[in-house]
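S.K.: I'd like to ask you about the structure that follows.
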Amino acid sequence: MFHANSSGRNPQDSVESFQAFKKSFSYGSRSDLNFKFWAGLPDEEAGQFFQELLWKLGDAADDGAFGRLLDLMYAWQVRGYAGESTWNYDDGPFTPLGKPLKKARLALLTSSGHFVEGDDPQPFGVPNMSQDEAMARIGEFLKQNPTLSVIPATTPNDRLRVRHGGYDIRGAQRDPNVALPLERLREIQQEGLVGELAPDAAARNADGRL
């Protein structure tokens, strides 16, 4: 059992089960794409991963070889997602690309939660909603119809903002290209790998699913 701060309250009111703890990493209070897989593991396997993570962390603190932590996370991500088949489709309305990429127009649609500074979509009518509030209200977001923020393809990184209740946005804040690769697309367009870019990209915000 995991216990939160129970100061001034009945300790039983703040008890969190191990199952609730691991599920909180997937669209919960601790949303984290690196550990989202943990929510789907049986409790015994989830406990095994956590124990191995602590062991590897202790070893790395001794010898400075932190790369073993990345190897462990990758191995368990593969293991955690290997059995998933929810979104597998054997057929569908697939359309082959009718021209080479160097002659095609490429458009970017992402679910990253990015928007341009000064054009905040204001979910639920809340101006300047914080990331913490977005994460706390993820259950409400998932019940809403999705909205898209239009982002000109020429927008510089310093004018991009991001907020999303479904994942830890720190990586996307440091480098927007991990989730909104406008810079990379501009580069490959300049190199002639694609014909042209659509003038606008679109980012879905954390209010619902397409």
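Labels used: A, B, ... for chains in the order of the structure tokens, numbers from 1 for residues in each chain, and numbers from 1 for ligands as shown.
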Find the residues near A:Asp120: any atom within 9 Å, counting only C-alpha atoms, skip ones fewer than 5 places away on the same chain, and give them as a PyMOL selection string.
M.R.: chain A and resi 115+127-128+149+161
S.K.: If we count only C-alpha atoms, what is near A:Leu180 at a cut-off of 9 Å, once residues fewer than 5 positions away on the same chain are taken out, given as number ranges by chain?
M.R.: A: 108-112, 114, 172, 175, 201, 203
S.K.: What's the 8 Å shell around A:Phe37, counting only C-alpha atoms, without same-chain residues fewer than 6 positions away, as a PyMOL selection string?
M.R.: chain A and resi 26+77+80-81
S.K.: List the neighbours of stretch 27-35 of chain A out to 10 Å using only C-alpha atoms; skip same-chain residues closer than 2 positions along the sequence, and give me the result as a PyMOL selection string.
M.R.: chain A and resi 20-25+37-39+73-74+76-77+80+132+134-139+142+165-169
S.K.: Would you save the residues of that selection, restricted to C-alpha atoms, as a short mmCIF file (atom, residue, chain, number, x, y, z; two decimals), in the first residue's frame?
M.R.:
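Generated output (result19.cif):
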data_model
loop_
_atom_site.label_atom_id
_atom_site.label_comp_id
_atom_site.auth_asym_id
_atom_site.auth_seq_id
_atom_site.Cartn_x
_atom_site.Cartn_y
_atom_site.Cartn_z
CA ALA A 20 -4.18 2.44 -8.37
CA PHE A 21 -0.59 3.66 -8.13
CA LYS A 22 0.56 1.91 -11.31
CA LYS A 23 -2.57 2.91 -13.21
CA SER A 24 -2.00 6.56 -12.34
CA PHE A 25 0.84 6.64 -14.90
CA PHE A 37 2.97 0.63 -20.06
CA TRP A 38 3.18 -0.10 -16.33
CA ALA A 39 -0.58 0.35 -15.95
CA MET A 73 12.81 0.70 -19.54
CA TYR A 74 12.95 -0.27 -23.22
CA TRP A 76 9.83 -3.57 -20.19
CA GLN A 77 8.06 -1.27 -22.64
CA GLY A 80 4.27 -4.35 -21.62
CA ASP A 132 -1.20 20.51 -13.34
CA ALA A 134 -4.99 19.80 -17.17
CA MET A 135 -3.62 16.57 -15.72
CA ALA A 136 -6.05 16.70 -12.82
CA ARG A 137 -8.98 17.09 -15.25
CA ILE A 138 -7.95 14.45 -17.79
CA GLY A 139 -11.15 12.49 -17.12
CA LEU A 142 -11.62 12.67 -22.51
CA GLY A 165 -3.44 16.36 -19.52
CA GLY A 166 -2.53 12.96 -20.94
CA TYR A 167 1.26 13.02 -20.82
CA ASP A 168 4.32 14.58 -19.19
CA ILE A 169 5.04 17.59 -21.43
#
S.K.: Could you pull out the helix (DSSP H, G or I) residues of stretch 59-96 of chain A, going by DSSP on the backbone, and write them as JSON, numbers by chain?
M.R.: {"A": [59, 60, 61, 62, 63, 67, 68, 69, 70, 71, 72, 73, 74, 75, 76, 77, 78, 79, 80, 81]}
S.K.: Please report, as an MDAnalysis selection string, each residue of chain A to which DSSP assigns strand (DSSP E or B) when run on this structure's backbone.
M.R.: chainID A and resid 2:3 15:16 105:106 109:110 114:116 148:152 160:162 196:197 200:204
S.K.: Between A:Asp200, A:Glu52, A:Glu183, A:Glu191, single out the one closest to A:Ala75, counting only C-alpha atoms.
M.R.: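 Using only C-alpha atoms, A:Ala75 sits closest to A:Glu52.
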S.K.: With only C-alpha atoms as the counted atoms, please give the residues lying no more than 12 Å from A:Pro199, apart from itself and same-chain residues fewer than 5 positions off, as a VMD selection string.
M.R.: chain A and resid 105 to 108 150 to 155 182 185 to 186
S.K.: Those same residues - C-alpha atoms - I'd like them written as a PDB file, in the first residue's frame.
M.R.:
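What ended up in out.pdb:
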ATOM      1  CA  ARG A 105       2.470  18.275 -50.219  1.00  0.00           C
ATOM      2  CA  LEU A 106       2.898  17.185 -46.619  1.00  0.00           C
ATOM      3  CA  ALA A 107       0.623  18.276 -43.762  1.00  0.00           C
ATOM      4  CA  LEU A 108       1.215  17.735 -40.045  1.00  0.00           C
ATOM      5  CA  VAL A 150      -4.002  25.847 -36.132  1.00  0.00           C
ATOM      6  CA  ILE A 151      -0.239  26.420 -36.147  1.00  0.00           C
ATOM      7  CA  PRO A 152       1.414  28.143 -39.131  1.00  0.00           C
ATOM      8  CA  ALA A 153       4.197  25.909 -40.441  1.00  0.00           C
ATOM      9  CA  THR A 154       6.659  28.806 -40.161  1.00  0.00           C
ATOM     10  CA  THR A 155       6.077  29.291 -36.408  1.00  0.00           C
ATOM     11  CA  LEU A 182       7.960  21.567 -37.708  1.00  0.00           C
ATOM     12  CA  LEU A 185       9.833  19.100 -41.743  1.00  0.00           C
ATOM     13  CA  ARG A 186      11.101  22.495 -42.881  1.00  0.00           C
TER      14      ARG A 186
END
